[in-house]
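Reproduced below: target.csv, with CSV, C-alpha atoms.
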```csv
chain,number,residue,atom,x,y,z
A,1,MET,CA,0.0,0.0,0.0
A,2,LYS,CA,2.9,2.4,0.8
A,3,LEU,CA,4.4,1.7,-2.6
A,4,LEU,CA,1.0,2.4,-4.3
A,5,SER,CA,0.7,5.7,-2.3
A,6,ILE,CA,4.2,6.8,-3.4
A,7,LEU,CA,3.4,5.9,-7.1
A,8,PHE,CA,0.1,7.8,-6.9
A,9,SER,CA,1.9,10.9,-5.6
A,10,PHE,CA,4.5,10.6,-8.3
A,11,LEU,CA,1.8,10.4,-11.0
A,12,ILE,CA,0.1,13.4,-9.5
A,13,ALA,CA,3.4,15.3,-9.6
A,14,LEU,CA,4.0,14.3,-13.3
A,15,ALA,CA,0.5,15.4,-14.2
A,16,ALA,CA,1.1,18.8,-12.5
A,17,LEU,CA,4.3,19.2,-14.5
A,18,ALA,CA,2.5,18.3,-17.7
A,19,ARG,CA,0.0,21.1,-17.0
A,20,GLY,CA,2.8,23.5,-16.0
A,21,ALA,CA,4.5,24.6,-12.9
A,22,GLU,CA,1.5,26.7,-11.8
A,23,THR,CA,-0.8,23.8,-11.2
A,24,GLN,CA,-1.8,23.6,-7.5
A,25,VAL,CA,-2.7,20.3,-5.9
A,26,PHE,CA,-5.0,20.3,-2.9
A,27,PRO,CA,-5.6,17.1,-0.9
A,28,THR,CA,-9.2,16.4,0.1
A,29,SER,CA,-11.0,13.4,1.7
A,30,ALA,CA,-12.3,12.5,-1.8
A,31,GLY,CA,-8.9,12.7,-3.5
A,32,PRO,CA,-6.7,15.5,-4.8
A,33,VAL,CA,-8.1,18.6,-6.5
A,34,LYS,CA,-5.8,20.1,-9.2
A,35,ILE,CA,-6.3,23.7,-10.1
A,36,THR,CA,-4.4,25.3,-13.0
A,37,PRO,CA,-4.5,28.9,-14.1
A,38,ILE,CA,-5.1,29.3,-17.8
A,39,TYR,CA,-5.6,33.0,-18.4
A,40,HIS,CA,-7.1,35.9,-16.4
A,41,ALA,CA,-10.3,34.3,-15.1
A,42,SER,CA,-10.1,31.1,-17.1
A,43,THR,CA,-9.3,28.1,-14.8
A,44,LEU,CA,-8.9,24.4,-15.1
A,45,ILE,CA,-10.1,22.2,-12.2
A,46,GLU,CA,-9.5,18.4,-12.2
A,47,ALA,CA,-10.7,15.9,-9.6
A,48,GLY,CA,-12.1,12.4,-9.5
A,49,GLY,CA,-11.3,11.8,-13.1
A,50,LYS,CA,-13.5,14.8,-14.2
A,51,THR,CA,-12.5,18.0,-15.8
A,52,ILE,CA,-14.1,21.4,-14.9
A,53,TYR,CA,-13.6,24.7,-16.6
A,54,LEU,CA,-14.4,28.1,-15.0
A,55,ASP,CA,-14.9,30.9,-17.5
A,56,PRO,CA,-13.1,29.5,-20.5
A,57,ALA,CA,-12.6,32.5,-22.7
A,58,LYS,CA,-10.1,34.1,-25.2
A,59,PRO,CA,-7.2,34.5,-25.3
A,60,ALA,CA,-6.9,31.4,-23.1
A,61,LYS,CA,-5.1,28.6,-25.0
A,62,VAL,CA,-7.1,25.5,-24.6
A,63,SER,CA,-6.4,23.4,-27.6
A,64,SER,CA,-4.0,21.1,-25.7
A,65,LEU,CA,-6.1,20.8,-22.6
A,66,PRO,CA,-8.6,18.0,-21.9
A,67,LYS,CA,-12.2,18.3,-22.9
A,68,ALA,CA,-14.7,19.5,-20.3
A,69,ASP,CA,-17.1,17.4,-18.3
A,70,PHE,CA,-18.5,20.5,-16.6
A,71,ILE,CA,-18.3,24.2,-17.3
A,72,LEU,CA,-19.1,27.1,-14.9
A,73,ILE,CA,-19.6,30.6,-16.1
A,74,THR,CA,-19.7,33.7,-13.8
A,75,ASP,CA,-21.0,36.6,-16.0
A,76,ILE,CA,-21.9,37.9,-19.4
A,77,HIS,CA,-18.7,39.8,-20.3
A,78,GLY,CA,-16.4,38.4,-22.9
A,79,ASP,CA,-13.6,37.6,-20.5
A,80,HIS,CA,-15.9,35.2,-18.7
A,81,MET,CA,-18.5,34.1,-21.3
A,82,ASP,CA,-17.1,33.1,-24.7
A,83,PRO,CA,-19.4,30.8,-26.7
A,84,ASP,CA,-16.6,30.0,-29.2
A,85,VAL,CA,-14.2,28.7,-26.4
A,86,ILE,CA,-17.1,27.0,-24.7
A,87,LYS,CA,-17.6,25.0,-27.9
A,88,GLN,CA,-13.9,24.3,-28.2
A,89,VAL,CA,-13.6,22.7,-24.8
A,90,SER,CA,-16.9,20.9,-24.9
A,91,GLN,CA,-17.6,17.3,-25.8
A,92,ALA,CA,-20.7,15.1,-25.9
A,93,GLY,CA,-22.2,15.1,-22.5
A,94,THR,CA,-20.5,18.3,-21.2
A,95,GLU,CA,-22.8,20.1,-18.6
A,96,ILE,CA,-22.8,23.8,-18.1
A,97,MET,CA,-24.1,25.9,-15.2
A,98,ALA,CA,-24.3,29.7,-15.4
A,99,PRO,CA,-26.3,32.7,-14.1
A,100,PRO,CA,-29.7,33.2,-15.9
A,101,ALA,CA,-28.3,36.3,-17.7
A,102,VAL,CA,-25.7,34.0,-19.3
A,103,VAL,CA,-28.2,31.4,-20.2
A,104,LYS,CA,-29.9,33.9,-22.5
A,105,THR,CA,-26.8,33.5,-24.7
A,106,VAL,CA,-25.4,30.1,-23.7
A,107,SER,CA,-28.8,28.4,-24.0
A,108,ILE,CA,-27.6,24.9,-23.3
A,109,ALA,CA,-26.5,26.0,-19.8
A,110,LYS,CA,-28.6,25.2,-16.7
A,111,PRO,CA,-29.3,28.3,-14.7
A,112,ILE,CA,-28.0,28.8,-11.2
A,113,ALA,CA,-28.9,32.2,-9.6
A,114,ASN,CA,-27.4,34.1,-6.6
A,115,GLY,CA,-28.0,32.2,-3.4
A,116,GLU,CA,-28.8,28.8,-5.0
A,117,THR,CA,-26.9,25.6,-4.2
A,118,LYS,CA,-26.6,22.7,-6.7
A,119,SER,CA,-24.6,19.6,-7.0
A,120,TRP,CA,-22.6,17.8,-9.7
A,121,GLU,CA,-20.5,14.6,-9.5
A,122,GLY,CA,-19.4,15.0,-5.8
A,123,TRP,CA,-19.2,18.8,-6.0
A,124,THR,CA,-21.5,21.2,-4.1
A,125,ILE,CA,-21.8,24.5,-6.0
A,126,GLU,CA,-23.0,27.6,-4.2
A,127,ALA,CA,-23.7,30.7,-6.3
A,128,ILE,CA,-22.4,33.8,-4.4
A,129,PRO,CA,-23.4,37.3,-5.5
A,130,ALA,CA,-20.8,39.2,-7.4
A,131,TYR,CA,-21.3,42.9,-8.2
A,132,ASN,CA,-20.0,46.5,-7.9
A,133,LEU,CA,-20.8,48.7,-5.0
A,134,LYS,CA,-19.6,52.0,-6.6
A,135,ARG,CA,-17.6,51.5,-9.8
A,136,GLY,CA,-19.1,51.9,-13.2
A,137,PRO,CA,-18.7,53.4,-16.7
A,138,GLU,CA,-20.5,56.6,-15.8
A,139,PRO,CA,-22.5,58.1,-12.8
A,140,GLY,CA,-25.6,56.0,-12.0
A,141,LYS,CA,-24.3,52.9,-13.8
A,142,LEU,CA,-22.2,50.0,-12.5
A,143,PHE,CA,-19.9,47.6,-14.4
A,144,HIS,CA,-21.6,44.6,-12.7
A,145,ASP,CA,-25.1,44.9,-11.5
A,146,ARG,CA,-26.3,43.2,-8.4
A,147,GLY,CA,-28.0,39.9,-9.1
A,148,ARG,CA,-26.6,39.3,-12.5
A,149,GLY,CA,-23.2,37.6,-12.0
A,150,ASN,CA,-22.1,34.7,-9.7
A,151,GLY,CA,-19.0,33.9,-7.7
A,152,TYR,CA,-18.9,30.3,-6.6
A,153,VAL,CA,-18.0,28.3,-3.6
A,154,LEU,CA,-17.1,24.8,-4.8
A,155,THR,CA,-16.9,22.1,-2.1
A,156,TYR,CA,-15.3,18.7,-2.8
A,157,GLY,CA,-14.1,16.2,-0.2
A,158,GLY,CA,-14.6,18.6,2.6
A,159,LYS,CA,-12.5,21.4,1.0
A,160,ARG,CA,-14.2,24.7,0.1
A,161,PHE,CA,-12.8,26.7,-2.9
A,162,TYR,CA,-14.1,30.2,-3.5
A,163,PHE,CA,-13.9,32.0,-6.9
A,164,SER,CA,-15.0,35.6,-6.6
A,165,GLY,CA,-16.0,36.4,-10.1
A,166,ASP,CA,-16.1,40.1,-10.9
A,167,THR,CA,-17.0,41.9,-7.7
A,168,GLU,CA,-16.0,44.5,-5.2
A,169,GLY,CA,-15.6,43.6,-1.5
A,170,ILE,CA,-19.3,43.1,-1.0
A,171,ALA,CA,-21.0,42.0,2.2
A,172,GLU,CA,-21.7,38.5,0.8
A,173,MET,CA,-18.0,37.9,0.3
A,174,ARG,CA,-17.1,39.2,3.7
A,175,ALA,CA,-19.7,36.9,5.3
A,176,LEU,CA,-18.2,33.7,3.8
A,177,LYS,CA,-17.2,31.0,6.3
A,178,ASN,CA,-14.7,28.2,6.3
A,179,ILE,CA,-13.1,28.9,3.0
A,180,ASP,CA,-9.9,26.8,2.5
A,181,VAL,CA,-8.8,28.4,-0.8
A,182,ALA,CA,-10.0,31.8,-2.2
A,183,PHE,CA,-9.4,33.0,-5.7
A,184,VAL,CA,-10.1,36.8,-5.5
A,185,CYS,CA,-10.2,39.3,-8.3
A,186,MET,CA,-8.7,42.8,-8.3
A,187,ASN,CA,-8.4,45.1,-11.4
A,188,LEU,CA,-9.4,48.7,-11.9
A,189,PRO,CA,-11.7,50.1,-13.0
A,190,TYR,CA,-13.9,47.1,-13.2
A,191,THR,CA,-13.7,45.4,-9.8
A,192,MET,CA,-11.5,46.7,-6.9
A,193,PRO,CA,-7.9,47.7,-6.2
A,194,PRO,CA,-5.5,45.3,-4.3
A,195,GLU,CA,-5.9,47.3,-1.0
A,196,GLU,CA,-9.7,46.8,-1.0
A,197,ALA,CA,-9.3,43.2,-2.0
A,198,ALA,CA,-7.0,42.6,1.0
A,199,GLU,CA,-9.4,44.2,3.4
A,200,ALA,CA,-12.3,42.0,2.1
A,201,VAL,CA,-10.2,38.9,2.3
A,202,LYS,CA,-9.3,39.7,5.9
A,203,ALA,CA,-13.0,39.8,6.7
A,204,PHE,CA,-13.7,36.2,5.7
A,205,HIS,CA,-10.2,34.9,6.5
A,206,PRO,CA,-9.6,32.0,4.1
A,207,LYS,CA,-6.7,29.7,4.9
A,208,LEU,CA,-5.1,30.5,1.5
A,209,VAL,CA,-5.8,33.3,-1.0
A,210,ILE,CA,-4.7,33.3,-4.6
A,211,PRO,CA,-5.2,36.5,-6.6
A,212,TYR,CA,-6.6,36.0,-10.1
A,213,HIS,CA,-8.3,38.3,-12.7
A,214,TYR,CA,-5.6,40.9,-11.6
A,215,LYS,CA,-4.3,42.4,-14.8
A,216,GLY,CA,-2.6,45.7,-14.1
A,217,SER,CA,-2.7,45.3,-10.3
A,218,ASP,CA,0.2,45.6,-8.0
A,219,LEU,CA,0.1,42.2,-6.2
A,220,ALA,CA,2.8,43.4,-3.7
A,221,VAL,CA,0.2,45.8,-2.3
A,222,PHE,CA,-2.2,42.9,-1.9
A,223,GLN,CA,0.5,40.9,-0.1
A,224,LYS,CA,1.4,43.7,2.2
A,225,GLY,CA,-2.2,44.3,3.1
A,226,LEU,CA,-2.4,40.7,4.4
A,227,GLU,CA,0.8,40.7,6.4
A,228,GLY,CA,0.3,39.4,9.9
A,229,SER,CA,-3.2,38.2,9.2
A,230,GLY,CA,-2.3,34.5,9.2
A,231,ILE,CA,-3.7,34.1,5.7
A,232,GLU,CA,-1.3,32.5,3.2
A,233,VAL,CA,-0.9,34.5,0.0
A,234,ARG,CA,0.1,32.5,-3.1
A,235,LEU,CA,0.9,34.2,-6.4
A,236,LEU,CA,0.4,32.4,-9.7
A,237,ASP,CA,1.0,33.6,-13.2
A,238,TRP,CA,-2.4,34.1,-14.9
A,239,TYR,CA,-0.9,35.9,-17.9
A,240,PRO,CA,1.5,33.6,-19.6
A,241,LYS,CA,3.4,35.0,-22.5
```
What's the structure tokens form of this structure?
Amino acid sequence: MKLLSILFSFLIALAALARGAETQVFPTSAGPVKITPIYHASTLIEAGGKTIYLDPAKPAKVSSLPKADFILITDIHGDHMDPDVIKQVSQAGTEIMAPPAVVKTVSIAKPIANGETKSWEGWTIEAIPAYNLKRGPEPGKLFHDRGRGNGYVLTYGGKRFYFSGDTEGIAEMRALKNIDVAFVCMNLPYTMPPEEAAEAVKAFHPKLVIPYHYKGSDLAVFQKGLEGSGIEVRLLDWYPK
């Protein structure tokens, strides 16, 4: 049994190398979860022999990646909802969940609205609101309206993974509990600066936080904002050349 365990760990490591050095492997009671940054918000999640994509969208390079068993989409903007890339990663039997606003375009998706909880193949999927509090293209308008987009808390084997989607440091984020790994956005003018992101993260205190969707942000500011909090900050490259 010990030899099998060593072999299994070695195979996991080889798989991570094949995906790239940025792949993160998280142990759970149901087996490992592998999470690989692709580009910006686009993310590959692998567990239990199944492949999940979060927000597959251009310019993410997906041609060499495995086909999707499941796809989650957070919002209607092109860096999150890309029908062409969704088709590219899909196969017969691929299931898709998305906010109702996305389903208007990606009509094969099943709707999941703010506050709803659904399940898929051992995963529990909670749709968390994602919206702007004050930032928008002009006075009286917001980049992300309340109720339209989702963040997600994905639970597998007792581990809870949070993907914020496009949002500011809203009350629903701050109220999250027992998050093991949080993927939190930060980019102006559309979401929030790193200082605000750090303050929001301190409020719900995940064990580990990984910035994503951060193009143009100074991640050193985010790190500094979490110094002494007891929250591990891990920086990954979401913008490969």
| request: May I ask which of the residues A:Glu95, A:Glu138, A:Asp166, A:Glu22 is the closest one to Leu236 in chain A, counting all atoms listed in the file? | output: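 Of A:Glu95, A:Glu138, A:Asp166, A:Glu22, the one nearest Leu236 in chain A is A:Glu22, counting all atoms listed in the file.
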| query | Taking into account all atoms listed in the file, which residue in the set A:Ser29, A:Ser229, A:Thr74, A:Gln88 is nearest to Gly149 in chain A? | reply |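 Going through A:Ser29, A:Ser229, A:Thr74, A:Gln88 one by one, the smallest distance to Gly149 in chain A is for A:Thr74.
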| message | To one decimal place in Å, what is the distance between CA of Asp82 in chain A and CA of Gly147 in chain A? | response |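 We find that CA of Asp82 in chain A and CA of Gly147 in chain A lie 20.2 Å from each other.
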| query | Which distance in Å separates CA of Ala92 in chain A and CA of Gly78 in chain A, to one decimal? | reply |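 So the answer is 23.9 Å.
Excluding Arg174 in chain A itself and any same-chain residue fewer than 6 positions from it, the protein and nucleic acid residues within 7 Å of it, counting all atoms listed in the file, are A:Ala200, A:Ala203, A:Phe204.
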Residues at most 12 Å from Lys215 in chain A, counting only C-alpha atoms, excluding those fewer than 6 positions away in the same chain, as a short mmCIF file (atom, residue, chain, number, x, y, z; two decimals) with C-alpha atoms, in the frame of the given file?
```cif
data_model
loop_
_atom_site.label_atom_id
_atom_site.label_comp_id
_atom_site.auth_asym_id
_atom_site.auth_seq_id
_atom_site.Cartn_x
_atom_site.Cartn_y
_atom_site.Cartn_z
CA TYR A 39 -5.60 33.00 -18.40
CA HIS A 40 -7.10 35.90 -16.40
CA ALA A 41 -10.30 34.30 -15.10
CA ASP A 79 -13.60 37.60 -20.50
CA CYS A 185 -10.20 39.30 -8.30
CA MET A 186 -8.70 42.80 -8.30
CA ASN A 187 -8.40 45.10 -11.40
CA LEU A 188 -9.40 48.70 -11.90
CA PRO A 189 -11.70 50.10 -13.00
CA TYR A 190 -13.90 47.10 -13.20
CA THR A 191 -13.70 45.40 -9.80
CA MET A 192 -11.50 46.70 -6.90
CA PRO A 193 -7.90 47.70 -6.20
CA PRO A 194 -5.50 45.30 -4.30
CA ASP A 237 1.00 33.60 -13.20
CA TRP A 238 -2.40 34.10 -14.90
CA TYR A 239 -0.90 35.90 -17.90
CA PRO A 240 1.50 33.60 -19.60
#
```
| query | Hey, can you check how far CA of Ala113 in chain A sits from CA of Ile38 in chain A? | reply |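 Atom-to-atom, CA of Ala113 in chain A to CA of Ile38 in chain A, that is 25.3 Å.
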| Who sits within 8 Å of Asp69 in chain A, all atoms listed in the file, same chain under 5 positions skipped, as a ChimeraX atom specification | /A:50-52,90-91,93-95
